[in-house]
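To start, the structure itself, in structure tokens.
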Amino acid sequence: MGNVSDNDVCRVRGERNGELRLQIDGISTFYGEAQALKDVSLEVHSKEVVAILGSNGAGKSTLVKTLTGLVSPSRGRIVLDGESIEKQVAHEIIRKGSACVPESRELFGSLTVRENLELGAYSLPNAVRKRVQAERLEMVFSLFAVLKNRLKQKAETLSGGEQQMLAMGRALMANPKLLASDEPSLGLAPMLVAEMMSTLRRICDEWAVSLLLVEQNARAALKIADYVYVLERGEIVLEGACDEVIASPTIQAAYLGG
Amino acid sequence: MTLLSETVQYAISGVTAGSIYAVIGICWSVVYLITKVLNFTTGEFVMLGGMLTWAFHRLGFGLLPSVFFAVACTTAISMLLERFVIRPIRFPTEMTYMMITIASASVIKGLVLLQWGSESRRIEPFFGTGVIHILGAGVTSQVLCVVALMSLITLSLHLFLNHTLMGTALRASAINLTGARLIGIDVGKFRLFCFGLAGGLGAVTGIVTAPITFTGYEIGMLTGLKGLVAAIAGGWSMTGTVAAGLTLGLLEGFGAGFVSTGLKDVLALLVMILFLILRTISLPGMRKR
Ligand SMILES: Nc1ncnc2c1ncn2[C@@H]1O[C@H](COP(=O)(O)OP(=O)(O)OP(=O)(O)O)[C@@H](O)[C@H]1O
Ligand SMILES: [Mg+2]
């Protein structure tokens, strides 16, 4: 994996194609009295990398937590492959095919890398777990080769970047159709950021996983995104195909530094 | 009695008691690590196991069915406690959890006192009253039964926790509950499972010891506390708890035998106090698993 080359940047696209995989419709989420999401609507189609950009406190992580059932929305609908999931909790939602890598990774620190990965397949039905687990493990190693040499090591002894890879690998073990990744670039060196982004693109293209990519690092995210939403103070303020968004003056000024 | 046979005798009673403390300690830690509930009803489950077996037996059931009913009832009571008393707490903190289990323990104890009175009760030994002799010390069949059963329980738990998916998932939940939810673990079910396990195992220890030490409505508190000492001194890990439980049992056995029987129950609490004081000076290998 090297840097993302220039012709990788933003496949030009008109209408959004692919089937509708995830539809978030008018979601509002509160922490007590404080409203973190205001009437947020967005879509993720199959074969798409959808980026959610926004500055600190914009509500990006809240969006991911709402989607994965860690917090519940007070209004709105979340439809995954035709099924409403806004009333369901995290351990049910993963079984519907929506996995997530949260901002704080939430790894099992004192378990080994292997145990962390194997537990990623916990939600699969007993009948197929063994088989899918083996397949997925190969896939994870093909994406994150370093993990293969760390299997016996405890997760907490991995470097930050390796932990990020492990968290991603663990989520992929569940065989998800949709993966929400909260700031995968956080704490990574610039070189590794580009590598992580191109790996994410591969996950989407080669493994047919739709990606909801939450990023503060707009420049990195825009390199691989198909469609972009910009979140500010809990509201979507801008959306569009990646190339349109890149061209827009507000984005240039606010996120790409002119 | 020679000094050797005396020593062996005390050691045997120490190991017997110690294996019980170890298993009770595991009951505390299984619940605490996953639910963060410091469960003071643990000792009452031990008491209930013995008392319910005695009660069913008195009603005319055979010993084996009585044991079965007692374990089943205690397991159910423990799960009901989690589901309908502990889980509904609106603002859960470790302190409110602890207070509510202390209160529940008193309720259980009170009900047993009301129903079956304050006498100590005895269950007959499971395999007769045979005694074998080792180096001049006598070992009853019941003691052998206790030690064997406690070893079996500990070993099976060890295998379960380390070599099954569910066991690994339980350990994972003890480490990170959010992570556990995200990989698809129904944390509510695991909480129920842990309470059920603690109730069932607690009952078993109470049943197998009843022929040796008798049982009665008031035995829960102290027995439970000794398990807690084992769990704390063992750093809440399984091997640590077993080692600490056995050490505590042996200390008691020798203390009571060579010094004074009055020392027996004091020792455990003394160990706990000492340990909690010393633990601020970090002991290597004690904190982490
Ligand atoms: N557990 C919580 N309790 C109360 N308020 C919260 C909680 N979590 C987040 N918030 C508030 O909700 C708002 C959105 O937070 P969120 O974590 O979603 O932002 P974010 O876009 O992910 O920010 P960052 O880029 O810093 O990760 C913030 O104002 C934050 O203070
Ligand atoms: Mg965030």
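Residues in the structure tokens are named by chain (A, B, ... in the order shown) and by number from 1 within that chain; ligands are numbered from 1 in the order shown.
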Item checked: Exercise answer, chain B residues close to chain A, 9 Å and only C-alpha atoms, as a PyMOL selection string -> chain B and resi 165-166+168-169+171-173+175-187+289
Glu48 in chain A environment, 8 Å, only C-alpha atoms, sequence neighbours closer than 6 positions dropped, as a compact mmCIF listing (two decimals) with N, CA, C and O atoms, in the first residue's frame:
# COMPACT_ATOMS: atom_id res chain seq x y z
N GLY A 18 -26.04 2.38 -7.29
CA GLY A 18 -26.01 1.36 -6.26
C GLY A 18 -27.32 1.39 -5.48
O GLY A 18 -28.04 2.38 -5.49
N CYS A 204 -14.15 -1.27 0.71
CA CYS A 204 -15.41 -0.98 0.02
C CYS A 204 -15.45 -1.64 -1.36
O CYS A 204 -16.42 -2.30 -1.70
N SER A 210 -20.20 -1.22 2.36
CA SER A 210 -20.45 0.22 2.26
C SER A 210 -19.82 0.90 3.46
O SER A 210 -19.85 0.37 4.56
N LEU A 211 -19.28 2.07 3.23
CA LEU A 211 -18.50 2.70 4.29
C LEU A 211 -19.06 4.05 4.68
O LEU A 211 -19.32 4.90 3.82
N ALA A 225 -13.64 9.47 -0.82
CA ALA A 225 -15.10 9.48 -0.68
C ALA A 225 -15.80 9.58 -2.02
O ALA A 225 -15.27 10.11 -2.99
N ASP A 226 -17.01 9.01 -2.10
CA ASP A 226 -17.87 9.19 -3.26
C ASP A 226 -18.85 10.31 -3.01
O ASP A 226 -19.19 11.07 -3.90
N TYR A 227 -19.32 10.38 -1.78
CA TYR A 227 -20.35 11.34 -1.45
C TYR A 227 -20.01 11.92 -0.08
O TYR A 227 -19.42 11.24 0.76
Chain A residues near ligand 2 within 10 Å, closest pair each, using only C-alpha atoms and all ligand atoms, as CSV:
residue,atom,partner,partner_atom_place_in_ligand_line,distance
A:Gly54,CA,ligand 2,1 (Mg),9.2
A:Ser55,CA,ligand 2,1 (Mg),8.8
A:Asn56,CA,ligand 2,1 (Mg),6.9
A:Gly57,CA,ligand 2,1 (Mg),6.9
A:Ala58,CA,ligand 2,1 (Mg),8.0
A:Gly59,CA,ligand 2,1 (Mg),6.9
A:Lys60,CA,ligand 2,1 (Mg),5.4
A:Ser61,CA,ligand 2,1 (Mg),4.0
A:Thr62,CA,ligand 2,1 (Mg),7.2
A:Leu63,CA,ligand 2,1 (Mg),9.0
A:Val64,CA,ligand 2,1 (Mg),8.7
A:Lys65,CA,ligand 2,1 (Mg),9.7
A:Pro102,CA,ligand 2,1 (Mg),8.6
A:Glu103,CA,ligand 2,1 (Mg),6.1
A:Ser104,CA,ligand 2,1 (Mg),8.9
A:Asp182,CA,ligand 2,1 (Mg),6.7
A:Glu183,CA,ligand 2,1 (Mg),7.1
A:Leu186,CA,ligand 2,1 (Mg),9.9
A:Val214,CA,ligand 2,1 (Mg),8.2
A:Glu215,CA,ligand 2,1 (Mg),8.4
A:Gln216,CA,ligand 2,1 (Mg),8.5
Next item on the list: Compile the contact shell of Thr96 in chain B as a list in words: residues with an atom at most 10 Å away, counting only C-alpha atoms, same-chain residues fewer than 5 positions apart removed.
Entry: Val37, Leu38, Ile86, Ile89, Arg90, Phe91, Thr101 and Ile102 of chain B
Dump as a tab-separated table (two decimals), in the first residue's frame, selection limited to C-alpha atoms:
chain	number	residue	atom	x	y	z
B	37	VAL	CA	-21.96	-5.26	41.62
B	38	LEU	CA	-20.18	-6.09	44.87
B	86	ILE	CA	-30.57	-4.65	40.76
B	89	ILE	CA	-31.91	0.86	39.75
B	90	ARG	CA	-32.26	4.19	38.03
B	91	PHE	CA	-28.90	5.72	38.85
B	101	THR	CA	-27.31	-6.26	47.91
B	102	ILE	CA	-26.65	-5.77	51.63
Notebook entry, point to check: If you count only C-alpha atoms, which residues fall within 12 Å of Leu20 in chain A, apart from same-chain ones fewer than 3 positions away, as number ranges by chain?
Noted result: A: 16-17, 23-24, 42-48, 79-83, 177-178, 210
Store the residues picked out above in a file with C-alpha atoms, as a PDB file, in the first residue's frame.
ATOM      1  CA  ARG A  16     -25.742   8.169  -6.869  1.00  0.00           C
ATOM      2  CA  ASN A  17     -25.924   4.636  -8.131  1.00  0.00           C
ATOM      3  CA  GLN A  23     -31.188   5.610   5.126  1.00  0.00           C
ATOM      4  CA  ILE A  24     -31.121   7.915   8.099  1.00  0.00           C
ATOM      5  CA  LEU A  42     -28.430  10.963   5.008  1.00  0.00           C
ATOM      6  CA  GLU A  43     -28.049   7.957   2.766  1.00  0.00           C
ATOM      7  CA  VAL A  44     -25.400   5.377   2.099  1.00  0.00           C
ATOM      8  CA  HIS A  45     -25.647   3.285  -1.043  1.00  0.00           C
ATOM      9  CA  SER A  46     -23.955  -0.004  -1.753  1.00  0.00           C
ATOM     10  CA  LYS A  47     -20.384   0.272  -3.084  1.00  0.00           C
ATOM     11  CA  GLU A  48     -20.128   3.781  -1.677  1.00  0.00           C
ATOM     12  CA  VAL A  79     -33.492   2.030   7.842  1.00  0.00           C
ATOM     13  CA  LEU A  80     -30.860  -0.578   7.039  1.00  0.00           C
ATOM     14  CA  ASP A  81     -31.566  -2.695   3.974  1.00  0.00           C
ATOM     15  CA  GLY A  82     -35.268  -1.982   4.263  1.00  0.00           C
ATOM     16  CA  GLU A  83     -35.538  -2.662   7.991  1.00  0.00           C
ATOM     17  CA  LYS A 177     -22.541  -4.934   4.870  1.00  0.00           C
ATOM     18  CA  LEU A 178     -22.024  -1.483   6.328  1.00  0.00           C
ATOM     19  CA  SER A 210     -20.451   0.221   2.256  1.00  0.00           C
TER      20      SER A 210
END
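Comparing the minimum interatomic distances between Thr213 in chain B and each of B:Arg122, B:Ala72, B:Leu3, B:Val85, counting only C-alpha atoms, we find that B:Arg122 sits nearest.
Computed from the coordinates, the CA of Val242 in chain B to CA of Val229 in chain B distance equals 11.2 Å.
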Next item on the list: Would you please give, as an MDAnalysis selection string, all residues of range 24-270 of chain B that DSSP assigns to alpha helix (DSSP H) based on the backbone?
Entry: chainID B and resid 24:35 42:58 63:80 94:116 141:163 165:175 177:182 187:213 220:233 238:254 263:270
Next item on the list: Skip Phe144 in chain A itself and residues of its chain fewer than 3 positions away, then list as a count of residues only all residues within 8 Å of it, counting only C-alpha atoms.
Entry: 6
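The shortest atom-to-atom distance to Glu94 in chain B, with only C-alpha atoms taken into account, belongs to B:Tyr32 out of B:Tyr32, B:Phe214, B:Phe254, B:Tyr10.
Between CA of Ala208 in chain A and CA of Leu143 in chain A the interatomic distance comes to 14.0 Å.
CA of Phe195 in chain B to CA of Leu48 in chain B spans 14.6 Å [interatomic distance, one decimal].
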Note to self: Among range 25-71 of chain A, which residues does DSSP mark as strand (DSSP E or B) when it is run on the backbone? Keep the chain and numbering as in the structure and answer as a list in words.
What the structure shows: Asp25, Gly26, Ile27, Ser28, Thr29, Phe30, Tyr31, Ala34, Gln35, Ala36, Leu37, Lys38, Asp39, Val40, Ser41, Leu42, Glu43, Val44, His45, Val49, Val50, Ala51, Ile52 and Leu53 of chain A
Item checked: Shell of 8 Å around Ser72 in chain A, only C-alpha atoms, local chain residues under 4 positions omitted, as a PyMOL selection string -> chain A and resi 29+66+86-87+89
Notebook entry, point to check: Met197 in chain A: which residues within 8 Å, counting only C-alpha atoms, same-chain residues fewer than 5 positions away excluded, as an NGL selection string?
Noted result: :A and (4 or 220-221 or 223-224)
Residues from last step as file, all heavy atoms, as a short mmCIF file (atom, residue, chain, number, x, y, z; two decimals), in the first residue's frame:
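File produced: selection-v2.cif:
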data_model
loop_
_atom_site.label_atom_id
_atom_site.label_comp_id
_atom_site.auth_asym_id
_atom_site.auth_seq_id
_atom_site.Cartn_x
_atom_site.Cartn_y
_atom_site.Cartn_z
N VAL A 4 -2.18 7.29 -1.83
CA VAL A 4 -3.26 7.22 -2.80
C VAL A 4 -2.83 8.05 -4.00
O VAL A 4 -2.50 9.21 -3.88
CB VAL A 4 -4.56 7.80 -2.21
CG1 VAL A 4 -5.69 7.65 -3.19
CG2 VAL A 4 -4.87 7.13 -0.90
N ALA A 220 -7.90 14.02 3.83
CA ALA A 220 -7.72 12.57 3.67
C ALA A 220 -9.02 11.90 3.24
O ALA A 220 -9.02 11.07 2.32
CB ALA A 220 -7.22 11.95 4.98
N ALA A 221 -10.11 12.28 3.87
CA ALA A 221 -11.38 11.61 3.59
C ALA A 221 -11.84 11.90 2.16
O ALA A 221 -12.35 11.02 1.48
CB ALA A 221 -12.45 12.08 4.59
N LYS A 223 -10.17 12.20 -0.39
CA LYS A 223 -9.42 11.44 -1.39
C LYS A 223 -10.11 10.15 -1.77
O LYS A 223 -9.92 9.62 -2.86
CB LYS A 223 -8.02 11.12 -0.86
CG LYS A 223 -7.12 12.35 -0.90
CD LYS A 223 -5.67 11.96 -0.98
CE LYS A 223 -4.85 13.20 -1.27
NZ LYS A 223 -3.84 13.45 -0.27
N ILE A 224 -10.91 9.60 -0.87
CA ILE A 224 -11.51 8.31 -1.19
C ILE A 224 -13.03 8.34 -1.23
O ILE A 224 -13.67 7.36 -1.60
CB ILE A 224 -11.08 7.21 -0.19
CG1 ILE A 224 -11.53 7.57 1.22
CG2 ILE A 224 -9.58 6.99 -0.26
CD1 ILE A 224 -11.55 6.37 2.15
#
